[in-house]
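Read the structure below first, then the notes.
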Amino acid sequence: MEISLLLKIIYGVASLLLLLLGVTYAIYFERKVIGYMQVRYGPNRVGPWGLLQTVTDVLKLLLKEDIIPSKVDRKVFIIAPVIAFAPSFMILATIPWSENLYGADLNIGLLYFIGISSITTIGILMGGWSSNNKYALLGAMRGVAQMVSYEIPLVLSVIGVVILSGSLNLRDIVYAQQDMGVWFIIPQFLGFIVYIISAIAELNRSPFDLPEAESELVAGYHVEYTGFRMAFFFLSEYVYAIAIAALATVLFFGGWLGPAFLPGIIWFLFKWSFFIFFFFWLRATLPRARVDQLMTFGWKVLIPLALVNIVITTLVKAWMG
Amino acid sequence: MSIRTEEMILNVGPQHPSTHGVFRLVVKIDGEIIQDANPVIGYLHRGTEKLAEDLTYTQFIPYTDRLDYLNAMTNNYVWCNTVEQLMGIQVPERAEYLRIISMELNRIASHFVWWGTFLLDLGALSPFLYAFRDRETILDLFVKLCGARMTFSYMRIGGVRFDAPSGWLDEVRKVVKELTENIKEYDLLVTGNEIFQHRTRGVGVITKEQVIDWGLTGPVARASGVDFDIRRNDPYSIYDRFDFDIPVRTKGDVYAKYEVRLEEIRQSLRIIEQALDQIDKVDGPIIAKVSKIIKPPAGEIYTRAEGSKGELGIHLVSDGTTKPYRVKLRRPSFVNIEILPELLKGKNIADLIAIFGGIDVVLGEVDA
Amino acid sequence: MFGFLKGFKLTLGYFFKKKVTIMYPEERPVMAERFRGIQRIIPERCIVCNMCVKACPTEVITLTGERDPETKKNRLLTYNINFERCIRCEFCAEVCPTSAVVFTTKYDNLSVYDRKALQKDITWLSANKVYGNYESEDEEGRPAELVKEAKTVAKKPATTKAAVTKADEKPKTDVKSEVITKAKTDVKSETDSKPEVETAGGDDK
């Protein structure tokens with residue numbers, strides 16, 4: 001009994017460490033890729049080819065003084081980064097990295113994913129509220145408004161996949177793509193487009209990163225946080241990016257499917273890294289959208305498109321029997 | 001029952017990544033609408049006009065560099081032109097051509113900085129790097145010509161300091177060709193971008209009456225339909241020998257200003273090409289015969305030139321000694337910034353950065 | 001509708017192109033000849049005319065000299081430049097009649113830990129024998145390669161870069177303008193300008 005509990009704890013800690021390593025190198029690759037697109041090298045001094053740059057940055061953040069301003073709401077202030085980070089780690093448990101490599105085989109995997117990821121918005125709102133700073137509150141409310149309003153097209157866009165595959169279980173979705181012979185990106189192209197755009201808005205990434213942009217007027221929700229608490233917010237953002245890209249790979253690109261000369265996990269990582277590269281590419285190319293234009297776009301364009309996608313998928317499925 | 005709202009006073013820094021210098025804007029907002037905006041300047045004031053009373057005419061030239069540091073050649077030119085006109089000095093032709101080439105190159109470099117930083121404020125990270133890479137080619141040319149990259153002190157009363165080193169004119173030709181190609185990339189990356197257009201079309205409209213009432217000049221005025229450019233309406237130096245267009249738009253919004261400035265870069269490249277063709281036939285001194293001690297006759301004079309931000313003018317009062325009695329600098333950014341309180345009233349706070357970036361302010365000029 | 005897609009092709013193209021970064025301090029940019037680096041004083045040439053002191057817009061130069069009783073010439077004793085205020089305008093080199101103050105292309109030896117160390121004196125200033133990225137071999141501060149070239153082409157005095165640059169450093173602002181016009185960098189008019197420039201430089205006003 002104790003051995004299996006111990007093993008479970010070891011698995012948990014090991015996967016957390018692996019995740020942190022992944023985030024470290026995702027940050028490093030973001031800086032390198034954006035640098036290369038801007039006719040310059042990214043970081044290349046610290047360690048060979050700059051590989052230790054993020055490690056030193058995180059170390060710097062950890063060694064900073066932990067300042068808690070005197071008038072903040074202390075309990076909420078301290079809990080907020082934890083609530084922002086913990087769901088991002090929890091949702092990675094359901095993603096099937098390959099045929100035999102997965103954390104938990106939940107029957108409602110997709111619903112769990114989307115549901116738990118919404119808890120982060122509470123963490124952001126807590127961070128903005130407890131800072132006792134009107135600019136942080138404004139930034140937090142704007143960020144939460146953006147994230148909440150883009151949840152709806154995100155969910156609606158994956159319903160088409162659920163209809164086609166008939167299950168919420170992420171492994172079954174991949175098996176359905178294997179049975180159908182074609183990855184869901186082809187029948188669900190419209191859904192894929194809606195998913196990608198709402199995913200970028202959910203993640204607060206450029207071009208929809210107004211809540212946390214430094215050159216805009218109102219500072220973001222994490223303005224009063226220093227040191228490792230701020231590192232938590234950034235960490236959660238990158239883990240979400242990894243998770244959303246992994247979900248896109250599973251839902252639309254066939255997960256671990258691919259010709260048999262390479263193991264499934266390699267195919268998964270290959271497709272997943274293409275998505276991550278696409279996020280970085282977007283950041284290097286596009287300017288930022290204004291927040292009211294963002295909301296208009298989400299409510300008036302993406303939701304109707306997602307609904308149209310659902311209707312078409314239902315009709316096709318009913319016709320095909 | 002109505003909701004009680006409060007006005008919030010927001011301080012757009014002196015330290016802020018988007019204010020292009022140390023500039024403070026105290027903004028009163030009600031929700032998302034700006035009620036009132038007050039610029040506070042003076043953080044970079046160095047007392048240039050007062051210092052001029054203690055320096056000789058030649059010693060003041062490095063100080064003019066540091067007014068609008070991105071456009072130093074034109075500042076040098078206005079000062080030298082003012083003193084030359086007061087003293088009645090005729091500048092030799094080759095010097096005039098060199099002056100025109102360096103002023104137009106400087107205008108292009110200044111517009112590159114504007115383009116890069118404007119888009120950086122809007123959130124696009126890459127155009128900044130492309131603009132500065134192109135600007136480096138121009139600054140390399142300037143180093144070969146006069147030894148400095150930004151504060152040139154290239155012109156002297158009566159001409160210029162150095163002649164073009166051998167091979168420099170061919171390099172300028174190459175750079176002009178390269179830049180004409182690179183500017184097409186800017187259009188690809190930014191001008192057709194829908195997100196950019198949504199953020200700049202119809203934003204911050206300045207009407208023609210406002211331009212004339214407030215005395216705005218430069219691309220800000222030309223974007224609102226006021227067809228006035230000192231290079232054509234009141235030509236100085238030898239601008240009447242060149243054939244170039246003045247871009248004018250009528251909308252007056254930030255997108256119009258953007259288009260005007262990009263088109264100005266192309267027209268400046270055209271002027272430089274023509275000047276390069278004409279300078280090969282001109283040989284001669286590069287500075288007129290001026291005595292070492294410069295003593296203009298007593299009197300006053302005002303001359304102006306078209307800087308990259310607008311009309312740059314110097315009003316000089318001389319009392320016959322070697323030091324000026326009073327120098328008044330008419331700086332375009334200082335005048336252009338005065339429209340901000342009226343322009344921002346009633347606007348969305350999310351547009352503040354785009355509007356301010358469109359006016360193109362350099363704080364060295366605002367504070368002198 | 002899809003205008004923003006063109007930008008994507010551009011940034012992806014730049015991903016694969018050559019980068020413009022210079023890996024400082026392993027690679028250094030080669031500065032142009034006329035670059036205004038740090039000043040260098042050649043005390044033997046100074047005639048203590050005080051022109052540099054008067055020409056400086058920010059008044060950073062102070063010097064003392066004495067009159068040598070045997071040769072009846074002025075001799076430079078101390079020369080201080082206050083680098084806190086020097087604006088690198090090159091007026092001092094421009095007005096010096098004997099090229100005792102020249103501008104090297106060195107730019108990186110002014111980093112100090114204490115502000116007082118920015119008052120540089122004559123020993124520091126006369127040791128700045130760097131021209132371009134090279135250490136110089138002759139006392140005029142030219143790189144060794146150019147000195148050899150100057151010796152081999154001594155018959156045609158002004159076709160070398162070094163001689164031309166020396167002529168560039170001469171004062172330009174007065175009746176010597178017709179001399180200056182001939183001392184230009186185009187080779188054809190250089191036949192007899194060098195000796196003229198030398199003699200005209202000795203006695204000023």
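By order in the structure tokens, chains are A, B, ...; within a chain, residues start at 1; ligands start at 1, following the order shown.
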
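Selecting strand (DSSP E or B) from the backbone DSSP output for range 29-262 of chain B yields Ile29, Asp30, Ile33, Ile34, Gln35, Asp36, Ala37, Asn38, Pro39, Val40, Met155, Arg156, Gly159 and Val160 of chain B.
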
Open item on the list: Residues near Leu340 in chain B, anyone? I mean within 10 Å using only C-alpha atoms, not counting same-chain ones fewer than 4 positions away, as a PyMOL selection string.
Closed with: chain B and resi 25+36-39+204+336+344-345+352+355-356+359

TODO: Name the residues in contact with Leu16 in chain A at a cut-off of 9 Å, using only C-alpha atoms, excluding same-chain residues fewer than 5 positions from it; report them as JSON, numbers by chain.
DONE: {"A": [11, 21, 89]}

Export of prior selection with N, CA and C atoms as an mmCIF file, in the first residue's frame:
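Just written: part.cif:
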data_model
loop_
_atom_site.group_PDB
_atom_site.id
_atom_site.type_symbol
_atom_site.label_atom_id
_atom_site.label_comp_id
_atom_site.auth_asym_id
_atom_site.auth_seq_id
_atom_site.Cartn_x
_atom_site.Cartn_y
_atom_site.Cartn_z
ATOM 1 N N TYR A 11 5.961 9.622 -9.034
ATOM 2 C CA TYR A 11 5.542 9.978 -10.400
ATOM 3 C C TYR A 11 5.119 11.424 -10.488
ATOM 4 N N LEU A 21 11.093 21.642 -16.515
ATOM 5 C CA LEU A 21 12.158 21.647 -17.519
ATOM 6 C C LEU A 21 11.604 22.054 -18.870
ATOM 7 N N PHE A 89 -1.166 22.672 -13.973
ATOM 8 C CA PHE A 89 -0.484 21.396 -13.829
ATOM 9 C C PHE A 89 -1.474 20.239 -13.813
#

Open item on the list: Can you tell me which residues surround Arg161 in chain B at a distance of at most 8 Å, considering only C-alpha atoms, apart from same-chain residues fewer than 5 positions away, and format the answer as a PyMOL selection string?
Closed with: (chain B and resi 146+154-156+286-287) or (chain C and resi 172)

Could those residues be written to a file, using N, CA, C and O atoms, as a short mmCIF file (atom, residue, chain, number, x, y, z; two decimals), in the first residue's frame?
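As a result, out24.cif now contains:
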data_model
loop_
_atom_site.label_atom_id
_atom_site.label_comp_id
_atom_site.auth_asym_id
_atom_site.auth_seq_id
_atom_site.Cartn_x
_atom_site.Cartn_y
_atom_site.Cartn_z
N CYS B 146 31.52 62.27 -41.27
CA CYS B 146 31.88 63.32 -40.34
C CYS B 146 32.31 62.82 -38.98
O CYS B 146 32.60 63.61 -38.11
N TYR B 154 28.28 68.83 -38.08
CA TYR B 154 28.93 68.69 -39.38
C TYR B 154 29.03 70.03 -40.10
O TYR B 154 29.96 70.26 -40.85
N MET B 155 28.07 70.90 -39.87
CA MET B 155 28.05 72.11 -40.68
C MET B 155 28.75 73.24 -39.93
O MET B 155 28.75 73.27 -38.71
N ARG B 156 29.32 74.12 -40.69
CA ARG B 156 29.97 75.27 -40.11
C ARG B 156 29.38 76.50 -40.75
O ARG B 156 28.75 76.41 -41.80
N ILE B 286 34.38 73.73 -50.10
CA ILE B 286 33.25 73.29 -49.30
C ILE B 286 32.96 74.25 -48.17
O ILE B 286 32.10 74.00 -47.35
N ILE B 287 33.68 75.34 -48.11
CA ILE B 287 33.35 76.35 -47.11
C ILE B 287 33.73 77.70 -47.68
O ILE B 287 34.72 77.83 -48.39
N LYS C 172 39.89 74.55 -40.72
CA LYS C 172 39.25 74.80 -42.00
C LYS C 172 38.56 76.14 -42.07
O LYS C 172 37.91 76.44 -43.04
#

Task: Minimum-distance residue to chain C, chosen among B:Val27, B:Ile3, B:Ala288, B:Ala95 (using only C-alpha atoms) - done: B:Ala288

Could you produce a table of the residues of chain B lying within 7 Å of chain C, with the nearest pair of atoms per residue and their separation in Å rounded to one decimal, using only C-alpha atoms, ordered by chain and increasing residue number, as CSV?
residue,atom,partner,partner_atom,distance
B:Leu55,CA,C:Pro57,CA,7.0
B:Gln59,CA,C:Pro57,CA,5.0
B:Pro62,CA,C:Cys89,CA,6.6
B:Val143,CA,C:Phe35,CA,6.0
B:Lys144,CA,C:Ala32,CA,5.3
B:Cys146,CA,C:Arg34,CA,6.3
B:Gly147,CA,C:Phe35,CA,3.8
B:Ala148,CA,C:Phe35,CA,6.1
B:Ser153,CA,C:Cys89,CA,6.7
B:Pro165,CA,C:Thr185,CA,6.0
B:Ser166,CA,C:Thr185,CA,6.2
B:Leu188,CA,C:Gly7,CA,5.6
B:Leu189,CA,C:Gly7,CA,4.0
B:Gly192,CA,C:Gly3,CA,5.0
B:Asn193,CA,C:Phe4,CA,4.2
B:Glu194,CA,C:Phe4,CA,6.1
B:Gly284,CA,C:Thr181,CA,6.9
B:Pro285,CA,C:Thr181,CA,5.2
B:Lys289,CA,C:Val175,CA,6.1
B:Val290,CA,C:Asp174,CA,5.6
B:Ser291,CA,C:Asp174,CA,5.2
B:Lys292,CA,C:Asp174,CA,5.3

- [ ] Please return, as JSON, numbers by chain, all residues of chain A lying within 12 Å of chain C when only C-alpha atoms are considered.
- [x] {"A": [32, 33, 34, 35, 36, 37, 38, 39, 40, 41, 42, 43, 44, 45, 207, 277, 278, 279, 280, 281, 282, 283, 284, 285, 286, 287]}

Task: Every residue of range 127-230 of chain A that DSSP places in alpha helix (DSSP H), as a VMD selection string - done: chain A and resid 127 to 130 134 to 165 170 to 180 189 to 202 227 to 230

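Nearest residue to Thr123 in chain C, choosing from C:Ile61, C:Asn80, C:Thr104, C:Glu44 and counting only C-alpha atoms: C:Asn80.
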
- [ ] Within 12 Å of Phe234 in chain A, counting only C-alpha atoms, which residues show up once you throw out same-chain ones fewer than 6 positions away? Write them as a ChimeraX atom specification, please.
- [x] /A:20,23-24,26-27,58,61,81-82,84-85,88,124,203-205,212,221-222,225-228,240-241

Give one line per residue of chain B that approaches chain A to at most 9 Å, naming the two atoms of the closest pair and their distance in Å to one decimal, counting only C-alpha atoms; sort by chain then ascending residue number and deliver it as a Markdown table.
| residue | atom | partner | partner_atom | distance |
| --- | --- | --- | --- | --- |
| B:Leu10 | CA | A:Tyr135 | CA | 8.9 |
| B:Val12 | CA | A:Leu217 | CA | 7.2 |
| B:His16 | CA | A:Ser215 | CA | 7.4 |
| B:Pro17 | CA | A:Ser215 | CA | 5.6 |
| B:Ser18 | CA | A:Ser215 | CA | 5.9 |
| B:Leu119 | CA | A:Pro287 | CA | 7.2 |
| B:Leu120 | CA | A:Pro287 | CA | 8.1 |
| B:Asp121 | CA | A:Ser215 | CA | 5.9 |
| B:Leu122 | CA | A:Pro287 | CA | 5.8 |
| B:Gly123 | CA | A:Pro287 | CA | 4.5 |
| B:Ala124 | CA | A:Pro287 | CA | 3.9 |
| B:Leu125 | CA | A:Ala284 | CA | 5.8 |
| B:Ser126 | CA | A:Gln38 | CA | 5.5 |
| B:Pro127 | CA | A:Gln38 | CA | 8.1 |
| B:Phe128 | CA | A:Gln38 | CA | 8.7 |
| B:Leu129 | CA | A:Gln38 | CA | 5.9 |
| B:Tyr130 | CA | A:Gln38 | CA | 7.0 |
| B:Arg133 | CA | A:Val39 | CA | 8.5 |
| B:Leu189 | CA | A:Thr285 | CA | 7.6 |
| B:Val190 | CA | A:Leu286 | CA | 8.3 |
| B:Asn193 | CA | A:Leu286 | CA | 8.0 |
| B:Ile195 | CA | A:Ala289 | CA | 5.9 |
| B:Phe196 | CA | A:Pro287 | CA | 6.5 |
| B:His198 | CA | A:Gln293 | CA | 8.1 |
| B:Arg199 | CA | A:Arg290 | CA | 6.8 |
| B:Ile349 | CA | A:Leu217 | CA | 7.9 |
| B:Ala350 | CA | A:Arg290 | CA | 6.7 |
| B:Asp351 | CA | A:Arg290 | CA | 8.3 |
| B:Leu352 | CA | A:Leu217 | CA | 8.2 |
| B:Ile353 | CA | A:Glu216 | CA | 7.1 |

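Shortest atom-to-atom contact with Asn132 in chain A among A:Pro69, A:Gly298, A:Gly264, A:Gly220: A:Pro69, counting only C-alpha atoms.
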
TODO: Write out as a ChimeraX atom specification the residues lying within 6 Å of range 98-102 of chain C, counting only C-alpha atoms and excluding same-chain residues fewer than 4 positions away.
DONE: /C:39-42,45-46,93,201

- [ ] May I ask which of the residues B:Val22, B:Ala305, B:Ala275, B:Ile138 is the closest one to Gly218 in chain B, counting only C-alpha atoms?
- [x] B:Ala305
